[in-house]
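Engineer: The structure file input.txt (compact mmCIF, C-alpha atoms) is provided below.
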```
# COMPACT_ATOMS: atom_id res chain seq x y z
CA MET A 1 -54.61 -71.23 -188.79
CA PRO A 2 -56.33 -69.46 -191.68
CA LEU A 3 -58.54 -66.47 -191.01
CA PHE A 4 -61.16 -67.50 -193.56
CA TYR A 5 -62.50 -70.95 -194.28
CA ALA A 6 -63.57 -71.44 -197.88
CA SER A 7 -66.66 -73.52 -198.47
CA HIS A 8 -66.79 -75.17 -201.86
CA ASP A 9 -70.22 -76.32 -202.92
CA SER A 10 -68.96 -78.54 -205.71
CA LEU A 11 -68.90 -82.31 -205.56
CA PRO A 12 -66.24 -83.17 -208.16
CA TYR A 13 -66.42 -86.93 -207.59
CA ILE A 14 -70.21 -87.10 -207.98
CA GLU A 15 -71.26 -84.32 -210.31
CA PRO A 16 -70.80 -84.86 -214.04
CA THR A 17 -68.43 -82.60 -215.93
CA PRO A 18 -70.18 -79.64 -217.59
CA THR A 19 -70.86 -79.86 -221.31
CA THR A 20 -69.29 -77.49 -223.79
CA GLU A 21 -72.67 -75.82 -224.35
CA LEU A 22 -73.05 -75.18 -220.61
CA SER A 23 -69.49 -73.85 -220.39
CA ALA A 24 -70.13 -71.51 -223.33
CA THR A 25 -73.38 -70.28 -221.72
CA VAL A 26 -71.64 -69.62 -218.41
CA SER A 27 -68.75 -67.76 -220.05
CA SER A 28 -71.15 -65.62 -222.11
CA LEU A 29 -73.12 -64.73 -218.95
CA LEU A 30 -69.90 -63.80 -217.13
CA THR A 31 -68.75 -61.70 -220.08
CA SER A 32 -72.08 -59.85 -220.26
CA GLU A 33 -71.95 -59.09 -216.51
CA LEU A 34 -68.34 -57.91 -216.75
CA ASN A 35 -69.18 -55.67 -219.70
CA ALA A 36 -72.03 -54.12 -217.71
CA MET A 37 -69.66 -53.22 -214.89
CA ASP A 38 -67.57 -50.07 -214.93
CA LEU A 39 -64.01 -51.39 -214.78
CA SER A 40 -62.39 -47.96 -215.10
CA SER A 41 -63.20 -46.85 -211.54
CA PRO A 42 -62.49 -48.78 -208.32
CA HIS A 43 -65.24 -50.76 -206.63
CA HIS A 44 -67.37 -48.70 -204.25
CA LEU A 45 -66.58 -51.00 -201.30
CA LEU A 46 -62.82 -50.46 -201.61
CA PRO A 47 -61.34 -47.85 -199.26
CA GLU A 48 -60.01 -44.68 -200.82
CA ALA A 49 -56.45 -44.82 -202.09
CA HIS A 50 -53.85 -43.57 -199.64
CA THR A 51 -52.26 -40.30 -200.72
CA PRO A 52 -48.64 -40.24 -199.59
CA SER A 53 -47.25 -37.28 -197.67
CA PHE A 54 -43.54 -36.79 -198.21
CA SER A 55 -41.12 -34.67 -196.23
CA PRO A 56 -39.92 -31.47 -197.91
CA ALA A 57 -36.52 -33.03 -198.71
CA ILE A 58 -38.12 -36.03 -200.45
CA SER A 59 -40.56 -33.75 -202.31
CA THR A 60 -37.67 -31.61 -203.56
CA GLU A 61 -35.78 -34.71 -204.72
CA LEU A 62 -38.85 -36.12 -206.49
CA ASP A 63 -39.36 -32.79 -208.25
CA ARG A 64 -35.69 -32.80 -209.37
CA ILE A 65 -36.07 -36.35 -210.74
CA SER A 66 -39.29 -35.46 -212.57
CA ARG A 67 -37.54 -32.48 -214.21
CA GLY A 68 -34.69 -34.79 -215.30
CA GLU A 69 -31.99 -32.72 -213.66
CA PRO A 70 -28.72 -34.42 -212.62
CA PHE A 71 -27.97 -35.08 -208.95
CA THR A 72 -25.94 -32.37 -207.25
CA GLY A 73 -24.65 -32.31 -203.71
CA GLY A 74 -24.28 -35.35 -201.53
CA ILE A 75 -20.80 -36.67 -200.78
CA ASP A 76 -17.90 -34.51 -201.88
CA LEU A 77 -15.93 -36.69 -204.29
CA SER A 78 -13.17 -34.16 -204.91
CA ARG A 79 -11.00 -35.53 -202.13
CA TYR A 80 -10.82 -38.87 -203.95
CA ASN A 81 -9.55 -37.22 -207.13
CA PRO A 82 -5.82 -36.63 -207.51
CA SER A 83 -5.00 -33.10 -206.40
CA THR A 84 -3.27 -30.66 -208.75
CA THR A 85 -1.68 -28.49 -206.09
CA SER A 86 1.82 -29.90 -205.95
CA PRO A 87 3.28 -33.05 -207.53
CA ASP A 88 5.07 -34.10 -204.33
CA LEU A 89 1.98 -33.59 -202.18
CA ALA A 90 -0.17 -35.42 -204.72
CA ALA A 91 2.24 -38.36 -204.79
CA LEU A 92 2.33 -38.43 -200.99
CA GLN A 93 -1.47 -38.38 -200.75
CA SER A 94 -1.73 -41.11 -203.38
CA ALA A 95 0.82 -43.27 -201.56
CA TYR A 96 -0.96 -42.76 -198.24
CA THR A 97 -4.33 -43.66 -199.79
CA SER A 98 -2.83 -46.78 -201.39
CA PHE A 99 -1.18 -47.76 -198.11
CA GLN A 100 -4.48 -47.42 -196.19
CA HIS A 101 -6.27 -49.44 -198.84
CA VAL A 102 -3.67 -52.22 -198.84
CA SER A 103 -3.55 -52.21 -195.03
CA SER A 104 -7.31 -52.63 -194.64
CA ARG A 105 -7.30 -55.22 -197.40
CA LEU A 106 -4.59 -57.19 -195.62
CA THR A 107 -6.56 -57.02 -192.35
CA ASN A 108 -9.68 -58.31 -194.10
CA LEU A 109 -7.76 -61.13 -195.78
CA SER A 110 -6.18 -62.24 -192.51
CA LEU A 111 -9.59 -62.25 -190.81
CA LEU A 112 -11.04 -64.18 -193.72
CA SER A 113 -8.29 -66.79 -193.63
CA GLU A 114 -8.70 -67.20 -189.86
CA PHE A 115 -12.50 -67.17 -189.50
CA GLY A 116 -13.87 -67.42 -193.02
CA LYS A 117 -13.84 -71.20 -193.34
CA ASN A 118 -15.69 -71.77 -190.06
CA ALA A 119 -18.19 -68.99 -190.77
CA TRP A 120 -18.84 -70.46 -194.22
CA LEU A 121 -19.31 -73.98 -192.80
CA ILE A 122 -21.62 -72.75 -190.06
CA HIS A 123 -23.69 -70.78 -192.58
CA ASN A 124 -23.90 -73.81 -194.89
CA SER A 125 -24.96 -76.00 -191.95
CA GLN A 126 -27.69 -73.49 -191.02
CA LEU A 127 -28.91 -73.36 -194.63
CA GLU A 128 -28.98 -77.17 -194.84
CA GLY A 129 -30.98 -77.35 -191.60
CA LEU A 130 -33.41 -74.76 -192.91
CA LEU A 131 -33.74 -76.61 -196.22
CA LYS A 132 -34.34 -79.91 -194.41
CA SER A 133 -37.05 -78.42 -192.18
CA LEU A 134 -38.75 -76.78 -195.19
CA GLU A 135 -38.66 -80.06 -197.13
CA GLU A 136 -40.18 -81.89 -194.14
CA GLU A 137 -42.90 -79.25 -193.86
CA LEU A 138 -43.60 -79.50 -197.59
CA MET A 139 -43.81 -83.30 -197.38
CA ALA A 140 -46.21 -83.04 -194.42
CA LEU A 141 -48.40 -80.57 -196.34
CA LYS A 142 -48.42 -82.80 -199.44
CA THR A 143 -49.37 -85.79 -197.30
CA ASN A 144 -52.10 -83.74 -195.64
CA VAL A 145 -53.46 -82.68 -199.04
CA GLU A 146 -53.48 -86.30 -200.28
CA VAL A 147 -55.23 -87.53 -197.13
CA THR A 148 -57.81 -84.73 -197.37
CA ASN A 149 -58.49 -85.50 -201.04
CA LYS A 150 -58.87 -89.22 -200.30
CA GLU A 151 -61.24 -88.50 -197.41
CA ARG A 152 -63.25 -86.10 -199.56
CA LYS A 153 -63.47 -88.60 -202.40
CA GLY A 154 -64.47 -91.40 -200.03
CA ALA A 155 -67.11 -89.24 -198.34
CA GLN A 156 -68.58 -88.18 -201.68
CA LEU A 157 -68.57 -91.68 -203.11
CA ASP A 158 -70.18 -93.03 -199.92
CA VAL A 159 -73.16 -90.71 -200.34
CA LYS A 160 -73.35 -90.83 -204.13
CA ASP A 161 -76.27 -93.29 -204.22
CA GLN A 162 -78.12 -91.40 -201.50
CA MET A 163 -77.56 -88.10 -203.34
CA GLU A 164 -78.89 -89.59 -206.57
CA ARG A 165 -81.98 -90.95 -204.75
CA LEU A 166 -82.58 -87.60 -203.05
CA ASP A 167 -82.13 -85.82 -206.37
CA GLU A 168 -84.71 -88.06 -208.01
CA ARG A 169 -87.10 -87.58 -205.06
CA TRP A 170 -86.64 -83.83 -205.29
CA LYS A 171 -87.32 -83.83 -209.03
CA LYS A 172 -90.47 -85.96 -208.48
CA ALA A 173 -91.64 -83.69 -205.65
CA VAL A 174 -91.12 -80.59 -207.78
CA GLY A 175 -93.02 -82.33 -210.60
CA ARG A 176 -95.88 -83.13 -208.22
CA VAL A 177 -95.98 -79.53 -206.97
CA LEU A 178 -96.19 -78.34 -210.58
CA GLU A 179 -98.95 -80.85 -211.29
CA VAL A 180 -100.88 -79.62 -208.23
CA GLU A 181 -100.41 -76.00 -209.31
CA LEU A 182 -101.61 -76.84 -212.81
CA ALA A 183 -104.62 -78.72 -211.43
CA THR A 184 -105.39 -75.85 -209.06
CA GLU A 185 -105.18 -73.35 -211.89
CA GLN A 186 -107.43 -75.55 -214.03
CA LEU A 187 -109.98 -75.87 -211.21
CA ARG A 188 -109.90 -72.11 -210.63
CA ARG A 189 -110.59 -71.47 -214.30
CA GLU A 190 -113.40 -74.03 -214.30
CA GLY A 191 -114.89 -72.39 -211.21
CA GLU A 192 -114.70 -68.95 -212.83
CA ALA A 193 -116.30 -70.37 -215.99
CA ARG A 194 -119.20 -71.89 -213.96
CA GLN A 195 -119.74 -68.62 -212.10
CA ARG A 196 -119.97 -66.77 -215.41
CA GLU A 197 -122.47 -69.34 -216.71
CA ARG A 198 -124.68 -68.89 -213.62
CA ARG A 199 -124.87 -65.15 -214.16
```
Let me see the structure of the file written as structure tokens.
Structural biologist:
Amino acid sequence: MPLFYASHDSLPYIEPTPTTELSATVSSLLTSELNAMDLSSPHHLLPEAHTPSFSPAISTELDRISRGEPFTGGIDLSRYNPSTTSPDLAALQSAYTSFQHVSSRLTNLSLLSEFGKNAWLIHNSQLEGLLKSLEEELMALKTNVEVTNKERKGAQLDVKDQMERLDERWKKAVGRVLEVELATEQLRREGEARQRERR
């Protein structure tokens, strides 16, 4: 359920499309208002920008990055480099490292051959179910949009004649009010003229 409901005052099925002159006038008015606004500073209704507070370790790291210095510290990588102490010890360490790597690789491959196919099929089935539910939701939303647009069009077309009659009545009423105001102003001037003549 949306938090805000938008109310659109346009009647696209009844109102005529705006002319190019009207569109140009509207765009020039918008441009003049935008030029009058100060776009360099934030709007006064916006809350102040949040200033982050970093821990000392993060601040030190950000300072190092801003200075462009290389990263130092972290994980000691020297134990992964071949040692230069003794050739026999280096060969033994290399063989042991290779053995551990091959052993863990073999374990992973055996697990993959045993459970990988089923895990892959289950994951694919879950993705297909998710895709199907999303497609159904999308279809329901599209249908809802079409139904809403048809209802809106029908409602607007049903009241089109009444809106045109009311518009004409409003224009005539405004014209009559203007005529009354003009007549009142004319009578007031005539009354003032007669009062001046009597003096």
Engineer: Please enclose the listed atoms of segment 133-145 of chain A in an axis-aligned box, pad each side by 8 Å, and write out the centre and the three edge lengths in Å, rounded to one decimal, as JSON.
Structural biologist:
```
{"center_x": -45.3, "center_y": -81.3, "center_z": -195.8, "size_x": 32.4, "size_y": 25.0, "size_z": 23.3}
```
Engineer: Report as number ranges by chain all protein, DNA and RNA residues lying within 10 Å of Lys160 of chain A, evaluated on only C-alpha atoms, omitting residues in the same chain fewer than 3 positions from it.
Structural biologist: A: 11, 13-15, 154-157, 163-166
Engineer: What does the distance between atom CA of Lys153 of chain A and atom CA of Pro16 of chain A come to in Å, to one decimal place?
Structural biologist: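 A separation of 14.3 Å between them.
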Engineer: Could you tell me how far atom CA of Leu30 of chain A lies from atom CA of Pro47 of chain A, in Å and to one decimal?
Structural biologist: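 Pair atom CA of Leu30 of chain A / atom CA of Pro47 of chain A returns 25.4 Å.
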Engineer: In Å to one decimal, how far is atom CA of Pro56 of chain A from atom CA of Gly73 of chain A?
Structural biologist: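 Separation of atom CA of Gly73 of chain A and atom CA of Pro56 of chain A: 16.4 Å.
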Engineer: Just segment 148-162 of chain A from the block, N, CA, C and O atoms, as a PDB file, in the first residue's frame, could you?
Structural biologist:
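Result file is result29.pdb:
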```
ATOM      1  N   THR A 148      -7.583  -0.061 -14.880  1.00  0.00           N
ATOM      2  CA  THR A 148      -7.686   1.299 -14.330  1.00  0.00           C
ATOM      3  C   THR A 148      -7.781   2.330 -15.440  1.00  0.00           C
ATOM      4  O   THR A 148      -8.586   3.269 -15.366  1.00  0.00           O
ATOM      5  N   ASN A 149      -6.959   2.187 -16.483  1.00  0.00           N
ATOM      6  CA  ASN A 149      -7.005   3.139 -17.596  1.00  0.00           C
ATOM      7  C   ASN A 149      -8.344   3.079 -18.324  1.00  0.00           C
ATOM      8  O   ASN A 149      -8.887   4.121 -18.715  1.00  0.00           O
ATOM      9  N   LYS A 150      -8.894   1.877 -18.498  1.00  0.00           N
ATOM     10  CA  LYS A 150     -10.203   1.759 -19.160  1.00  0.00           C
ATOM     11  C   LYS A 150     -11.291   2.396 -18.306  1.00  0.00           C
ATOM     12  O   LYS A 150     -12.175   3.093 -18.827  1.00  0.00           O
ATOM     13  N   GLU A 151     -11.244   2.152 -16.983  1.00  0.00           N
ATOM     14  CA  GLU A 151     -12.235   2.755 -16.094  1.00  0.00           C
ATOM     15  C   GLU A 151     -12.122   4.274 -16.112  1.00  0.00           C
ATOM     16  O   GLU A 151     -13.124   4.986 -16.154  1.00  0.00           O
ATOM     17  N   ARG A 152     -10.882   4.775 -16.079  1.00  0.00           N
ATOM     18  CA  ARG A 152     -10.677   6.222 -16.096  1.00  0.00           C
ATOM     19  C   ARG A 152     -11.194   6.830 -17.397  1.00  0.00           C
ATOM     20  O   ARG A 152     -11.880   7.845 -17.397  1.00  0.00           O
ATOM     21  N   LYS A 153     -10.882   6.174 -18.507  1.00  0.00           N
ATOM     22  CA  LYS A 153     -11.346   6.685 -19.798  1.00  0.00           C
ATOM     23  C   LYS A 153     -12.867   6.670 -19.864  1.00  0.00           C
ATOM     24  O   LYS A 153     -13.502   7.642 -20.287  1.00  0.00           O
ATOM     25  N   GLY A 154     -13.472   5.560 -19.415  1.00  0.00           N
ATOM     26  CA  GLY A 154     -14.931   5.471 -19.421  1.00  0.00           C
ATOM     27  C   GLY A 154     -15.564   6.531 -18.545  1.00  0.00           C
ATOM     28  O   GLY A 154     -16.547   7.172 -18.931  1.00  0.00           O
ATOM     29  N   ALA A 155     -14.995   6.733 -17.345  1.00  0.00           N
ATOM     30  CA  ALA A 155     -15.554   7.732 -16.433  1.00  0.00           C
ATOM     31  C   ALA A 155     -15.449   9.133 -17.017  1.00  0.00           C
ATOM     32  O   ALA A 155     -16.378   9.936 -16.928  1.00  0.00           O
ATOM     33  N   GLN A 156     -14.321   9.423 -17.662  1.00  0.00           N
ATOM     34  CA  GLN A 156     -14.146  10.752 -18.244  1.00  0.00           C
ATOM     35  C   GLN A 156     -15.036  10.958 -19.460  1.00  0.00           C
ATOM     36  O   GLN A 156     -15.595  12.036 -19.652  1.00  0.00           O
ATOM     37  N   LEU A 157     -15.167   9.924 -20.274  1.00  0.00           N
ATOM     38  CA  LEU A 157     -16.021  10.067 -21.451  1.00  0.00           C
ATOM     39  C   LEU A 157     -17.494  10.141 -21.065  1.00  0.00           C
ATOM     40  O   LEU A 157     -18.287  10.781 -21.757  1.00  0.00           O
ATOM     41  N   ASP A 158     -17.868   9.478 -19.952  1.00  0.00           N
ATOM     42  CA  ASP A 158     -19.257   9.543 -19.487  1.00  0.00           C
ATOM     43  C   ASP A 158     -19.653  10.958 -19.069  1.00  0.00           C
ATOM     44  O   ASP A 158     -20.799  11.358 -19.249  1.00  0.00           O
ATOM     45  N   VAL A 159     -18.709  11.693 -18.499  1.00  0.00           N
ATOM     46  CA  VAL A 159     -19.033  13.038 -18.014  1.00  0.00           C
ATOM     47  C   VAL A 159     -18.553  14.137 -18.961  1.00  0.00           C
ATOM     48  O   VAL A 159     -18.611  15.318 -18.603  1.00  0.00           O
ATOM     49  N   LYS A 160     -18.107  13.766 -20.144  1.00  0.00           N
ATOM     50  CA  LYS A 160     -17.574  14.762 -21.070  1.00  0.00           C
ATOM     51  C   LYS A 160     -18.630  15.810 -21.423  1.00  0.00           C
ATOM     52  O   LYS A 160     -18.364  17.018 -21.339  1.00  0.00           O
ATOM     53  N   ASP A 161     -19.836  15.353 -21.812  1.00  0.00           N
ATOM     54  CA  ASP A 161     -20.887  16.304 -22.184  1.00  0.00           C
ATOM     55  C   ASP A 161     -21.262  17.201 -21.005  1.00  0.00           C
ATOM     56  O   ASP A 161     -21.432  18.412 -21.155  1.00  0.00           O
ATOM     57  N   GLN A 162     -21.379  16.596 -19.821  1.00  0.00           N
ATOM     58  CA  GLN A 162     -21.722  17.374 -18.638  1.00  0.00           C
ATOM     59  C   GLN A 162     -20.615  18.381 -18.329  1.00  0.00           C
ATOM     60  O   GLN A 162     -20.899  19.534 -17.988  1.00  0.00           O
TER      61      GLN A 162
END
```
